[in-house]
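Here is the file model.csv (CSV, N, CA and C atoms).
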chain,number,residue,atom,x,y,z
A,1,GLN,N,0.8,-1.2,0.0
A,1,GLN,CA,0.0,0.0,0.0
A,1,GLN,C,0.9,1.2,0.0
A,2,VAL,N,0.5,2.2,-0.8
A,2,VAL,CA,1.3,3.4,-1.0
A,2,VAL,C,0.8,4.5,0.0
A,3,GLN,N,1.7,5.0,0.8
A,3,GLN,CA,1.4,6.1,1.8
A,3,GLN,C,2.3,7.2,1.6
A,4,LEU,N,1.8,8.4,1.7
A,4,LEU,CA,2.6,9.6,1.6
A,4,LEU,C,2.2,10.4,2.9
A,5,VAL,N,3.3,10.8,3.7
A,5,VAL,CA,3.0,11.6,4.9
A,5,VAL,C,3.9,12.8,4.9
A,6,GLU,N,3.2,14.0,4.9
A,6,GLU,CA,3.9,15.3,4.9
A,6,GLU,C,4.1,15.7,6.4
A,7,SER,N,5.1,16.5,6.6
A,7,SER,CA,5.4,17.1,7.9
A,7,SER,C,6.2,18.4,7.6
A,8,GLY,N,6.3,19.2,8.7
A,8,GLY,CA,7.1,20.4,8.6
A,8,GLY,C,6.3,21.7,8.5
A,9,GLY,N,5.0,21.6,8.4
A,9,GLY,CA,4.2,22.8,8.3
A,9,GLY,C,4.2,23.5,9.6
A,10,GLY,N,3.6,24.7,9.6
A,10,GLY,CA,3.5,25.5,10.8
A,10,GLY,C,3.2,27.0,10.6
A,11,LEU,N,3.3,27.7,11.6
A,11,LEU,CA,3.0,29.2,11.5
A,11,LEU,C,4.4,29.9,11.5
A,12,VAL,N,4.5,30.8,10.6
A,12,VAL,CA,5.8,31.5,10.4
A,12,VAL,C,5.5,33.0,10.0
A,13,GLN,N,6.3,33.9,10.4
A,13,GLN,CA,6.1,35.3,10.0
A,13,GLN,C,6.6,35.5,8.5
A,14,ALA,N,6.1,36.5,7.9
A,14,ALA,CA,6.5,36.8,6.5
A,14,ALA,C,8.0,37.0,6.5
A,15,GLY,N,8.6,36.4,5.5
A,15,GLY,CA,10.1,36.5,5.3
A,15,GLY,C,10.8,35.3,5.9
A,16,GLY,N,10.1,34.5,6.7
A,16,GLY,CA,10.6,33.3,7.3
A,16,GLY,C,10.7,32.1,6.4
A,17,SER,N,11.2,31.0,7.0
A,17,SER,CA,11.4,29.8,6.2
A,17,SER,C,10.8,28.6,6.9
A,18,LEU,N,10.4,27.6,6.0
A,18,LEU,CA,10.0,26.3,6.5
A,18,LEU,C,10.5,25.3,5.5
A,19,ARG,N,10.7,24.1,6.1
A,19,ARG,CA,11.1,22.9,5.2
A,19,ARG,C,10.0,21.8,5.4
A,20,LEU,N,9.4,21.5,4.3
A,20,LEU,CA,8.4,20.4,4.3
A,20,LEU,C,9.1,19.2,3.9
A,21,SER,N,8.6,18.1,4.5
A,21,SER,CA,9.1,16.7,4.1
A,21,SER,C,7.9,15.9,3.7
A,22,CYS,N,8.1,14.9,2.9
A,22,CYS,CA,7.1,14.0,2.5
A,22,CYS,C,7.8,12.6,2.4
A,23,ALA,N,7.4,11.8,3.4
A,23,ALA,CA,7.9,10.4,3.5
A,23,ALA,C,7.0,9.5,2.7
A,24,VAL,N,7.6,8.7,1.8
A,24,VAL,CA,6.8,7.8,1.0
A,24,VAL,C,7.0,6.4,1.3
A,25,SER,N,6.0,5.7,1.7
A,25,SER,CA,6.0,4.3,1.9
A,25,SER,C,5.5,3.5,0.7
A,26,ALA,N,6.4,3.1,-0.1
A,26,ALA,CA,6.1,2.5,-1.4
A,26,ALA,C,7.3,1.9,-2.0
A,27,PRO,N,7.2,0.8,-2.7
A,27,PRO,CA,8.4,0.3,-3.4
A,27,PRO,C,8.8,1.2,-4.6
A,28,MET,N,10.0,1.1,-4.9
A,28,MET,CA,10.5,1.8,-6.1
A,28,MET,C,10.3,3.3,-6.1
A,29,PHE,N,10.4,3.9,-5.0
A,29,PHE,CA,10.2,5.4,-4.9
A,29,PHE,C,11.1,6.1,-5.9
A,30,ARG,N,12.3,5.6,-6.1
A,30,ARG,CA,13.3,6.3,-7.0
A,30,ARG,C,12.8,6.3,-8.4
A,31,LEU,N,11.8,5.5,-8.8
A,31,LEU,CA,11.4,5.5,-10.2
A,31,LEU,C,10.2,6.5,-10.5
A,32,TYR,N,9.8,7.2,-9.5
A,32,TYR,CA,8.6,8.0,-9.7
A,32,TYR,C,8.9,9.5,-9.5
A,33,ASN,N,8.3,10.3,-10.5
A,33,ASN,CA,8.4,11.8,-10.3
A,33,ASN,C,7.5,12.1,-9.1
A,34,MET,N,7.8,13.2,-8.5
A,34,MET,CA,7.0,13.7,-7.3
A,34,MET,C,6.7,15.1,-7.5
A,35,GLY,N,5.6,15.5,-6.9
A,35,GLY,CA,5.1,16.9,-6.9
A,35,GLY,C,4.6,17.4,-5.6
A,36,TRP,N,4.7,18.7,-5.5
A,36,TRP,CA,4.1,19.4,-4.4
A,36,TRP,C,3.0,20.4,-4.9
A,37,PHE,N,1.8,20.3,-4.2
A,37,PHE,CA,0.7,21.2,-4.6
A,37,PHE,C,0.3,21.9,-3.3
A,38,ARG,N,-0.6,22.9,-3.5
A,38,ARG,CA,-1.1,23.6,-2.3
A,38,ARG,C,-2.6,24.0,-2.6
A,39,GLN,N,-3.3,24.2,-1.5
A,39,GLN,CA,-4.7,24.6,-1.6
A,39,GLN,C,-5.0,25.6,-0.5
A,40,ALA,N,-5.3,26.8,-0.9
A,40,ALA,CA,-5.7,27.9,0.0
A,40,ALA,C,-7.2,27.8,0.2
A,41,PRO,N,-7.7,28.3,1.3
A,41,PRO,CA,-9.2,28.3,1.6
A,41,PRO,C,-10.0,29.0,0.4
A,42,GLY,N,-11.0,28.3,-0.1
A,42,GLY,CA,-11.8,28.8,-1.1
A,42,GLY,C,-11.2,28.8,-2.5
A,43,LYS,N,-10.0,28.2,-2.6
A,43,LYS,CA,-9.3,28.1,-3.9
A,43,LYS,C,-9.1,26.7,-4.4
A,44,GLU,N,-8.8,26.5,-5.7
A,44,GLU,CA,-8.5,25.2,-6.2
A,44,GLU,C,-7.1,24.8,-5.8
A,45,ARG,N,-6.9,23.5,-5.8
A,45,ARG,CA,-5.5,23.1,-5.5
A,45,ARG,C,-4.6,23.4,-6.7
A,46,GLU,N,-3.4,24.0,-6.4
A,46,GLU,CA,-2.5,24.4,-7.5
A,46,GLU,C,-1.2,23.8,-7.3
A,47,PHE,N,-0.5,23.6,-8.5
A,47,PHE,CA,0.8,23.1,-8.6
A,47,PHE,C,1.8,24.1,-8.0
A,48,VAL,N,2.8,23.5,-7.3
A,48,VAL,CA,3.9,24.3,-6.7
A,48,VAL,C,5.2,23.9,-7.3
A,49,ALA,N,5.6,22.6,-7.3
A,49,ALA,CA,6.9,22.2,-7.7
A,49,ALA,C,6.8,20.7,-8.1
A,50,ALA,N,7.7,20.3,-9.0
A,50,ALA,CA,7.8,18.9,-9.3
A,50,ALA,C,9.2,18.5,-9.6
A,51,ILE,N,9.6,17.3,-9.3
A,51,ILE,CA,10.9,16.8,-9.5
A,51,ILE,C,10.9,15.5,-10.2
A,52,ARG,N,11.8,15.3,-11.2
A,52,ARG,CA,11.8,14.0,-11.9
A,52,ARG,C,12.4,12.9,-11.0
A,53,TRP,N,12.1,11.7,-11.4
A,53,TRP,CA,12.4,10.5,-10.6
A,53,TRP,C,13.9,10.5,-10.3
A,54,GLY,N,14.8,11.0,-11.3
A,54,GLY,CA,16.2,11.0,-11.0
A,54,GLY,C,16.7,12.3,-10.5
A,55,GLY,N,15.8,13.3,-10.4
A,55,GLY,CA,16.2,14.5,-9.8
A,55,GLY,C,16.7,15.5,-10.8
A,56,GLY,N,16.9,15.2,-12.0
A,56,GLY,CA,17.6,16.0,-13.0
A,56,GLY,C,16.7,17.1,-13.6
A,57,ILE,N,15.4,17.0,-13.5
A,57,ILE,CA,14.5,18.0,-14.1
A,57,ILE,C,13.5,18.5,-13.0
A,58,ILE,N,13.4,19.8,-12.9
A,58,ILE,CA,12.6,20.4,-11.8
A,58,ILE,C,11.8,21.5,-12.4
A,59,TYR,N,10.5,21.6,-12.0
A,59,TYR,CA,9.6,22.7,-12.4
A,59,TYR,C,9.1,23.4,-11.2
A,60,TYR,N,8.8,24.7,-11.4
A,60,TYR,CA,8.2,25.5,-10.3
A,60,TYR,C,7.1,26.3,-10.8
A,61,LEU,N,6.1,26.6,-9.9
A,61,LEU,CA,5.2,27.7,-10.1
A,61,LEU,C,5.9,29.0,-10.2
A,62,ASP,N,5.6,29.9,-11.1
A,62,ASP,CA,6.3,31.1,-11.3
A,62,ASP,C,6.5,31.9,-10.0
A,63,SER,N,5.4,32.0,-9.3
A,63,SER,CA,5.4,32.8,-8.1
A,63,SER,C,6.3,32.3,-7.0
A,64,VAL,N,6.8,31.1,-7.1
A,64,VAL,CA,7.7,30.6,-6.0
A,64,VAL,C,9.1,30.4,-6.5
A,65,LYS,N,9.4,30.6,-7.8
A,65,LYS,CA,10.7,30.5,-8.3
A,65,LYS,C,11.7,31.5,-7.6
A,66,GLY,N,12.8,30.9,-7.2
A,66,GLY,CA,13.8,31.7,-6.5
A,66,GLY,C,13.6,31.7,-5.0
A,67,ARG,N,12.4,31.2,-4.5
A,67,ARG,CA,12.2,31.2,-3.1
A,67,ARG,C,12.0,29.8,-2.6
A,68,PHE,N,11.4,28.9,-3.4
A,68,PHE,CA,11.2,27.5,-3.0
A,68,PHE,C,12.2,26.6,-3.7
A,69,THR,N,12.6,25.5,-3.1
A,69,THR,CA,13.5,24.5,-3.7
A,69,THR,C,12.9,23.1,-3.4
A,70,ILE,N,12.7,22.4,-4.4
A,70,ILE,CA,12.3,21.0,-4.3
A,70,ILE,C,13.5,20.1,-4.4
A,71,SER,N,13.6,19.0,-3.6
A,71,SER,CA,14.7,18.1,-3.7
A,71,SER,C,14.2,16.7,-3.2
A,72,ARG,N,15.0,15.7,-3.4
A,72,ARG,CA,14.6,14.4,-3.0
A,72,ARG,C,15.8,13.6,-2.6
A,73,ASP,N,15.5,12.7,-1.7
A,73,ASP,CA,16.6,11.7,-1.2
A,73,ASP,C,16.0,10.3,-1.4
A,74,ASN,N,16.4,9.7,-2.5
A,74,ASN,CA,15.9,8.4,-2.9
A,74,ASN,C,16.3,7.3,-1.9
A,75,ALA,N,17.4,7.5,-1.2
A,75,ALA,CA,17.8,6.5,-0.2
A,75,ALA,C,16.9,6.6,1.0
A,76,LYS,N,16.2,7.7,1.2
A,76,LYS,CA,15.3,7.9,2.4
A,76,LYS,C,13.8,7.9,2.0
A,77,ASN,N,13.6,7.7,0.7
A,77,ASN,CA,12.2,7.7,0.2
A,77,ASN,C,11.5,9.0,0.6
A,78,THR,N,12.1,10.1,0.5
A,78,THR,CA,11.6,11.4,0.9
A,78,THR,C,11.8,12.5,-0.1
A,79,VAL,N,10.8,13.3,-0.2
A,79,VAL,CA,10.9,14.5,-1.1
A,79,VAL,C,10.7,15.7,-0.1
A,80,TYR,N,11.4,16.8,-0.4
A,80,TYR,CA,11.4,18.0,0.4
A,80,TYR,C,11.0,19.2,-0.4
A,81,LEU,N,10.5,20.2,0.4
A,81,LEU,CA,10.2,21.5,-0.2
A,81,LEU,C,10.7,22.5,0.8
A,82,GLN,N,11.9,23.1,0.4
A,82,GLN,CA,12.4,24.2,1.2
A,82,GLN,C,11.8,25.5,0.8
A,83,MET,N,11.2,26.2,1.7
A,83,MET,CA,10.4,27.4,1.4
A,83,MET,C,11.1,28.6,2.2
A,84,ASN,N,11.6,29.5,1.4
A,84,ASN,CA,12.3,30.7,2.0
A,84,ASN,C,11.5,32.0,1.6
A,85,SER,N,11.8,33.1,2.3
A,85,SER,CA,11.1,34.3,2.0
A,85,SER,C,9.6,34.2,1.8
A,86,LEU,N,9.0,33.5,2.8
A,86,LEU,CA,7.6,33.2,2.7
A,86,LEU,C,6.7,34.5,2.8
A,87,LYS,N,5.6,34.4,2.1
A,87,LYS,CA,4.7,35.5,2.0
A,87,LYS,C,3.3,35.1,2.5
A,88,PRO,N,2.5,36.0,2.9
A,88,PRO,CA,1.1,35.6,3.4
A,88,PRO,C,0.4,34.9,2.3
A,89,GLU,N,0.6,35.2,1.1
A,89,GLU,CA,-0.1,34.5,0.0
A,89,GLU,C,0.4,33.1,-0.2
A,90,ASP,N,1.4,32.6,0.5
A,90,ASP,CA,1.8,31.2,0.5
A,90,ASP,C,1.0,30.4,1.5
A,91,THR,N,0.2,31.0,2.3
A,91,THR,CA,-0.6,30.3,3.2
A,91,THR,C,-1.6,29.3,2.5
A,92,ALA,N,-1.5,28.1,2.9
A,92,ALA,CA,-2.3,27.0,2.3
A,92,ALA,C,-2.0,25.7,3.0
A,93,VAL,N,-2.8,24.7,2.6
A,93,VAL,CA,-2.4,23.3,3.0
A,93,VAL,C,-1.5,22.8,1.8
A,94,TYR,N,-0.4,22.2,2.2
A,94,TYR,CA,0.5,21.7,1.2
A,94,TYR,C,0.5,20.2,1.1
A,95,TYR,N,0.4,19.7,-0.1
A,95,TYR,CA,0.3,18.3,-0.4
A,95,TYR,C,1.4,17.8,-1.2
A,96,CYS,N,1.9,16.6,-0.9
A,96,CYS,CA,2.8,16.0,-1.9
A,96,CYS,C,2.1,14.9,-2.6
A,97,ALA,N,2.6,14.5,-3.8
A,97,ALA,CA,1.9,13.6,-4.6
A,97,ALA,C,2.9,12.8,-5.5
A,98,ARG,N,2.5,11.5,-5.8
A,98,ARG,CA,3.3,10.7,-6.6
A,98,ARG,C,2.7,10.5,-8.0
A,99,ASP,N,3.6,10.7,-9.0
A,99,ASP,CA,3.2,10.5,-10.4
A,99,ASP,C,2.6,9.0,-10.6
A,100,ARG,N,1.6,8.9,-11.4
A,100,ARG,CA,1.0,7.6,-11.6
A,100,ARG,C,1.8,6.7,-12.4
A,101,THR,N,2.8,7.2,-13.1
A,101,THR,CA,3.6,6.4,-14.1
A,101,THR,C,5.1,6.3,-13.7
A,102,PRO,N,5.6,5.1,-13.5
A,102,PRO,CA,7.1,5.0,-13.2
A,102,PRO,C,7.9,5.5,-14.4
A,103,LEU,N,8.9,6.2,-14.1
A,103,LEU,CA,9.8,6.8,-15.2
A,103,LEU,C,9.0,7.6,-16.2
A,104,GLY,N,8.0,8.3,-15.7
A,104,GLY,CA,7.1,9.1,-16.5
A,104,GLY,C,7.8,10.3,-17.2
A,105,PRO,N,7.3,10.8,-18.3
A,105,PRO,CA,7.9,11.9,-19.0
A,105,PRO,C,7.6,13.3,-18.4
A,106,MET,N,6.8,13.4,-17.4
A,106,MET,CA,6.4,14.7,-16.8
A,106,MET,C,5.7,15.6,-17.7
A,107,LEU,N,5.0,15.1,-18.7
A,107,LEU,CA,4.3,16.0,-19.6
A,107,LEU,C,3.2,16.8,-18.9
A,108,GLY,N,2.6,16.2,-17.9
A,108,GLY,CA,1.5,16.8,-17.2
A,108,GLY,C,1.8,17.1,-15.7
A,109,TYR,N,3.1,17.5,-15.5
A,109,TYR,CA,3.6,17.7,-14.2
A,109,TYR,C,2.8,18.7,-13.3
A,110,SER,N,2.1,19.6,-13.9
A,110,SER,CA,1.4,20.6,-13.1
A,110,SER,C,-0.1,20.3,-13.0
A,111,THR,N,-0.5,19.2,-13.5
A,111,THR,CA,-1.9,18.8,-13.4
A,111,THR,C,-2.2,17.8,-12.4
A,112,LEU,N,-3.4,17.9,-11.7
A,112,LEU,CA,-3.7,16.9,-10.7
A,112,LEU,C,-3.8,15.5,-11.2
A,113,ASP,N,-4.2,15.3,-12.5
A,113,ASP,CA,-4.4,14.0,-13.0
A,113,ASP,C,-3.1,13.2,-13.2
A,114,GLU,N,-2.0,14.0,-13.2
A,114,GLU,CA,-0.7,13.3,-13.4
A,114,GLU,C,-0.4,12.4,-12.2
A,115,TYR,N,-1.0,12.6,-11.1
A,115,TYR,CA,-0.6,12.0,-9.8
A,115,TYR,C,-1.8,11.1,-9.3
A,116,ASP,N,-1.4,10.0,-8.7
A,116,ASP,CA,-2.4,9.0,-8.3
A,116,ASP,C,-2.4,8.9,-6.8
A,117,TYR,N,-1.3,9.2,-6.1
A,117,TYR,CA,-1.3,9.1,-4.6
A,117,TYR,C,-1.0,10.4,-4.0
A,118,TRP,N,-1.7,10.8,-3.0
A,118,TRP,CA,-1.6,12.0,-2.3
A,118,TRP,C,-1.4,11.9,-0.8
A,119,GLY,N,-0.7,12.8,-0.2
A,119,GLY,CA,-0.6,12.8,1.3
A,119,GLY,C,-1.8,13.5,1.9
A,120,GLN,N,-1.8,13.6,3.2
A,120,GLN,CA,-3.0,14.2,3.9
A,120,GLN,C,-2.9,15.7,3.9
A,121,GLY,N,-1.7,16.2,3.7
A,121,GLY,CA,-1.5,17.7,3.7
A,121,GLY,C,-0.9,18.2,5.0
A,122,THR,N,-0.2,19.3,4.9
A,122,THR,CA,0.3,19.9,6.1
A,122,THR,C,0.1,21.4,6.0
A,123,GLN,N,-0.4,22.0,7.0
A,123,GLN,CA,-0.8,23.5,7.0
A,123,GLN,C,0.4,24.4,7.1
A,124,VAL,N,0.5,25.3,6.2
A,124,VAL,CA,1.5,26.4,6.3
A,124,VAL,C,0.7,27.7,6.4
A,125,THR,N,1.0,28.5,7.4
A,125,THR,CA,0.4,29.8,7.7
A,125,THR,C,1.5,30.8,7.8
A,126,VAL,N,1.4,31.8,7.0
A,126,VAL,CA,2.4,32.9,7.0
A,126,VAL,C,1.7,34.2,7.4
A,127,SER,N,2.1,34.7,8.5
A,127,SER,CA,1.5,35.9,9.1
A,127,SER,C,2.3,37.2,8.7
A,128,LEU,N,1.7,38.3,8.8
A,128,LEU,CA,2.4,39.6,8.5
A,128,LEU,C,3.3,40.0,9.6
Structure rendered as structure tokens:
Amino acid sequence: QVQLVESGGGLVQAGGSLRLSCAVSAPMFRLYNMGWFRQAPGKEREFVAAIRWGGGIIYYLDSVKGRFTISRDNAKNTVYLQMNSLKPEDTAVYYCARDRTPLGPMLGYSTLDEYDYWGQGTQVTVSL
């Protein structure tokens, strides 16, 4: 059974930093692209970042480029999201997700349909 568990969320002041982790309990983690999404109250879930199974290709939402960094440790079955210079508009529940296709081409990396397993989410709140 595939399980994704996020951690690291919390309350931080604007300009601060948080590091989210997503531990994946599933075989062959190293073969799957991974993504981070977020959902603010009253809004649709949106793409934040994605990383290829080997780590060599990374995509970001434009508004987080230069502030967020996605990475993965295949030995630990974990994907991370380092978030710096946080802004109030980054407030949301953050979710990690696993691509539905091993060694996938990442053609739909920013779409919800690209992913078949999701974590429960971790709340990030950025105050002024």
Determine, for each residue of segment 11-96 of chain A having at least one atom at most 12 Å from an atom of segment 120-127 of chain A, the closest pair of atoms and their separation in Å to one decimal, counting only C-alpha atoms; order by chain and ascending number, as JSON lines.
{"residue": "A:Leu11", "atom": "CA", "partner": "A:Thr125", "partner_atom": "CA", "distance": 4.6}
{"residue": "A:Val12", "atom": "CA", "partner": "A:Val126", "partner_atom": "CA", "distance": 5.0}
{"residue": "A:Gln13", "atom": "CA", "partner": "A:Ser127", "partner_atom": "CA", "distance": 4.7}
{"residue": "A:Ala14", "atom": "CA", "partner": "A:Val126", "partner_atom": "CA", "distance": 5.7}
{"residue": "A:Gly15", "atom": "CA", "partner": "A:Val126", "partner_atom": "CA", "distance": 8.7}
{"residue": "A:Gly16", "atom": "CA", "partner": "A:Val126", "partner_atom": "CA", "distance": 8.2}
{"residue": "A:Ser17", "atom": "CA", "partner": "A:Val126", "partner_atom": "CA", "distance": 9.6}
{"residue": "A:Leu18", "atom": "CA", "partner": "A:Val124", "partner_atom": "CA", "distance": 8.5}
{"residue": "A:Arg19", "atom": "CA", "partner": "A:Val124", "partner_atom": "CA", "distance": 10.3}
{"residue": "A:Leu20", "atom": "CA", "partner": "A:Thr122", "partner_atom": "CA", "distance": 8.3}
{"residue": "A:Ser21", "atom": "CA", "partner": "A:Thr122", "partner_atom": "CA", "distance": 9.6}
{"residue": "A:Cys22", "atom": "CA", "partner": "A:Gly121", "partner_atom": "CA", "distance": 9.4}
{"residue": "A:Ala23", "atom": "CA", "partner": "A:Gln120", "partner_atom": "CA", "distance": 11.6}
{"residue": "A:Trp36", "atom": "CA", "partner": "A:Gly121", "partner_atom": "CA", "distance": 10.0}
{"residue": "A:Phe37", "atom": "CA", "partner": "A:Gly121", "partner_atom": "CA", "distance": 9.3}
{"residue": "A:Arg38", "atom": "CA", "partner": "A:Gly121", "partner_atom": "CA", "distance": 8.4}
{"residue": "A:Gln39", "atom": "CA", "partner": "A:Gly121", "partner_atom": "CA", "distance": 9.3}
{"residue": "A:Ala40", "atom": "CA", "partner": "A:Gln123", "partner_atom": "CA", "distance": 9.6}
{"residue": "A:Pro41", "atom": "CA", "partner": "A:Gln123", "partner_atom": "CA", "distance": 11.1}
{"residue": "A:Arg45", "atom": "CA", "partner": "A:Gly121", "partner_atom": "CA", "distance": 11.4}
{"residue": "A:Leu81", "atom": "CA", "partner": "A:Thr122", "partner_atom": "CA", "distance": 11.8}
{"residue": "A:Met83", "atom": "CA", "partner": "A:Val124", "partner_atom": "CA", "distance": 10.2}
{"residue": "A:Asn84", "atom": "CA", "partner": "A:Val126", "partner_atom": "CA", "distance": 11.3}
{"residue": "A:Ser85", "atom": "CA", "partner": "A:Val126", "partner_atom": "CA", "distance": 10.1}
{"residue": "A:Leu86", "atom": "CA", "partner": "A:Val126", "partner_atom": "CA", "distance": 6.8}
{"residue": "A:Lys87", "atom": "CA", "partner": "A:Val126", "partner_atom": "CA", "distance": 6.1}
{"residue": "A:Pro88", "atom": "CA", "partner": "A:Val126", "partner_atom": "CA", "distance": 4.7}
{"residue": "A:Glu89", "atom": "CA", "partner": "A:Val126", "partner_atom": "CA", "distance": 7.6}
{"residue": "A:Asp90", "atom": "CA", "partner": "A:Val126", "partner_atom": "CA", "distance": 6.7}
{"residue": "A:Thr91", "atom": "CA", "partner": "A:Thr125", "partner_atom": "CA", "distance": 4.6}
{"residue": "A:Ala92", "atom": "CA", "partner": "A:Val124", "partner_atom": "CA", "distance": 5.5}
{"residue": "A:Val93", "atom": "CA", "partner": "A:Gln123", "partner_atom": "CA", "distance": 4.3}
{"residue": "A:Tyr94", "atom": "CA", "partner": "A:Gly121", "partner_atom": "CA", "distance": 5.1}
{"residue": "A:Tyr95", "atom": "CA", "partner": "A:Gly121", "partner_atom": "CA", "distance": 4.5}
{"residue": "A:Cys96", "atom": "CA", "partner": "A:Gly121", "partner_atom": "CA", "distance": 7.3}
Exercise for the section: Please indicate the distance in Å from atom N of Asp116 of chain A to atom N of Gln82 of chain A, rounded to one decimal place. Expected result: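 Atom N of Gln82 of chain A lies at a distance of 20.8 Å from atom N of Asp116 of chain A.
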Which residues, written as a PDB file with N, CA and C atoms, in the frame of the given file, have at least one atom at most 8 Å from Ala26 of chain A, with only N, CA and C atoms counted and residues fewer than 3 positions away on the same chain left out?
ATOM      1  N   GLN A   1       0.800  -1.200   0.000  1.00  0.00           N
ATOM      2  CA  GLN A   1       0.000   0.000   0.000  1.00  0.00           C
ATOM      3  C   GLN A   1       0.900   1.200   0.000  1.00  0.00           C
ATOM      4  N   VAL A   2       0.500   2.200  -0.800  1.00  0.00           N
ATOM      5  CA  VAL A   2       1.300   3.400  -1.000  1.00  0.00           C
ATOM      6  C   VAL A   2       0.800   4.500   0.000  1.00  0.00           C
ATOM      7  N   GLN A   3       1.700   5.000   0.800  1.00  0.00           N
ATOM      8  CA  GLN A   3       1.400   6.100   1.800  1.00  0.00           C
ATOM      9  C   GLN A   3       2.300   7.200   1.600  1.00  0.00           C
ATOM     10  N   LEU A   4       1.800   8.400   1.700  1.00  0.00           N
ATOM     11  CA  LEU A   4       2.600   9.600   1.600  1.00  0.00           C
ATOM     12  C   LEU A   4       2.200  10.400   2.900  1.00  0.00           C
ATOM     13  N   ALA A  23       7.400  11.800   3.400  1.00  0.00           N
ATOM     14  CA  ALA A  23       7.900  10.400   3.500  1.00  0.00           C
ATOM     15  C   ALA A  23       7.000   9.500   2.700  1.00  0.00           C
ATOM     16  N   PHE A  29      10.400   3.900  -5.000  1.00  0.00           N
ATOM     17  CA  PHE A  29      10.200   5.400  -4.900  1.00  0.00           C
ATOM     18  C   PHE A  29      11.100   6.100  -5.900  1.00  0.00           C
ATOM     19  N   ARG A  30      12.300   5.600  -6.100  1.00  0.00           N
ATOM     20  CA  ARG A  30      13.300   6.300  -7.000  1.00  0.00           C
ATOM     21  C   ARG A  30      12.800   6.300  -8.400  1.00  0.00           C
ATOM     22  N   ASN A  77      13.600   7.700   0.700  1.00  0.00           N
ATOM     23  CA  ASN A  77      12.200   7.700   0.200  1.00  0.00           C
ATOM     24  C   ASN A  77      11.500   9.000   0.600  1.00  0.00           C
TER      25      ASN A  77
END
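As for atom CA of Arg100 of chain A and atom C of Lys65 of chain A, they are spaced 26.5 Å apart.
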Exercise for the section: Select from chain A everything DSSP, run on the backbone, classes as strand (DSSP E or B), then give the selection as a VMD selection string. Expected result: chain A and resid 3 to 7 10 to 13 18 to 25 34 to 39 46 to 51 58 to 60 68 to 73 78 to 83 92 to 99 115 to 118 122 to 127
Practice task
Could you check how far atom CA of Ile58 of chain A sits from atom CA of Gly35 of chain A, in Å to one decimal?
Solution key: 9.6 Å
Handout entry: Among listed residues A:Val24, A:Leu31, A:Phe47, A:Arg72, nearest Asp113 of chain A (using only C-alpha atoms)
Key =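 Checking each of A:Val24, A:Leu31, A:Phe47, A:Arg72 against Asp113 of chain A, counting only C-alpha atoms, the winner is A:Phe47.
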Exercise for the section: Identify, with DSSP run on backbone atoms, the residues in chain A assigned to helix (DSSP H, G or I), and express the list as a ChimeraX atom specification. Expected result: /A:29-31,62-64,88-90,112-114
How about completing segment 24-33 of chain A with N, CA, C and O atoms and giving it to me as a PDB file, in the coordinates of the input?
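Result saved to result_30.pdb:
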ATOM      1  N   VAL A  24       7.600   8.700   1.800  1.00  0.00           N
ATOM      2  CA  VAL A  24       6.800   7.800   1.000  1.00  0.00           C
ATOM      3  C   VAL A  24       7.000   6.400   1.300  1.00  0.00           C
ATOM      4  O   VAL A  24       8.173   5.911   1.265  1.00  0.00           O
ATOM      5  N   SER A  25       6.000   5.700   1.700  1.00  0.00           N
ATOM      6  CA  SER A  25       6.000   4.300   1.900  1.00  0.00           C
ATOM      7  C   SER A  25       5.500   3.500   0.700  1.00  0.00           C
ATOM      8  O   SER A  25       4.319   3.334   0.545  1.00  0.00           O
ATOM      9  N   ALA A  26       6.400   3.100  -0.100  1.00  0.00           N
ATOM     10  CA  ALA A  26       6.100   2.500  -1.400  1.00  0.00           C
ATOM     11  C   ALA A  26       7.300   1.900  -2.000  1.00  0.00           C
ATOM     12  O   ALA A  26       8.395   2.540  -1.890  1.00  0.00           O
ATOM     13  N   PRO A  27       7.200   0.800  -2.700  1.00  0.00           N
ATOM     14  CA  PRO A  27       8.400   0.300  -3.400  1.00  0.00           C
ATOM     15  C   PRO A  27       8.800   1.200  -4.600  1.00  0.00           C
ATOM     16  O   PRO A  27       7.950   1.843  -5.146  1.00  0.00           O
ATOM     17  N   MET A  28      10.000   1.100  -4.900  1.00  0.00           N
ATOM     18  CA  MET A  28      10.500   1.800  -6.100  1.00  0.00           C
ATOM     19  C   MET A  28      10.300   3.300  -6.100  1.00  0.00           C
ATOM     20  O   MET A  28      10.024   3.882  -7.185  1.00  0.00           O
ATOM     21  N   PHE A  29      10.400   3.900  -5.000  1.00  0.00           N
ATOM     22  CA  PHE A  29      10.200   5.400  -4.900  1.00  0.00           C
ATOM     23  C   PHE A  29      11.100   6.100  -5.900  1.00  0.00           C
ATOM     24  O   PHE A  29      10.663   7.053  -6.550  1.00  0.00           O
ATOM     25  N   ARG A  30      12.300   5.600  -6.100  1.00  0.00           N
ATOM     26  CA  ARG A  30      13.300   6.300  -7.000  1.00  0.00           C
ATOM     27  C   ARG A  30      12.800   6.300  -8.400  1.00  0.00           C
ATOM     28  O   ARG A  30      13.427   7.031  -9.228  1.00  0.00           O
ATOM     29  N   LEU A  31      11.800   5.500  -8.800  1.00  0.00           N
ATOM     30  CA  LEU A  31      11.400   5.500 -10.200  1.00  0.00           C
ATOM     31  C   LEU A  31      10.200   6.500 -10.500  1.00  0.00           C
ATOM     32  O   LEU A  31       9.791   6.574 -11.648  1.00  0.00           O
ATOM     33  N   TYR A  32       9.800   7.200  -9.500  1.00  0.00           N
ATOM     34  CA  TYR A  32       8.600   8.000  -9.700  1.00  0.00           C
ATOM     35  C   TYR A  32       8.900   9.500  -9.500  1.00  0.00           C
ATOM     36  O   TYR A  32       9.583   9.947  -8.611  1.00  0.00           O
ATOM     37  N   ASN A  33       8.300  10.300 -10.500  1.00  0.00           N
ATOM     38  CA  ASN A  33       8.400  11.800 -10.300  1.00  0.00           C
ATOM     39  C   ASN A  33       7.500  12.100  -9.100  1.00  0.00           C
ATOM     40  O   ASN A  33       6.494  11.419  -8.839  1.00  0.00           O
TER      41      ASN A  33
END
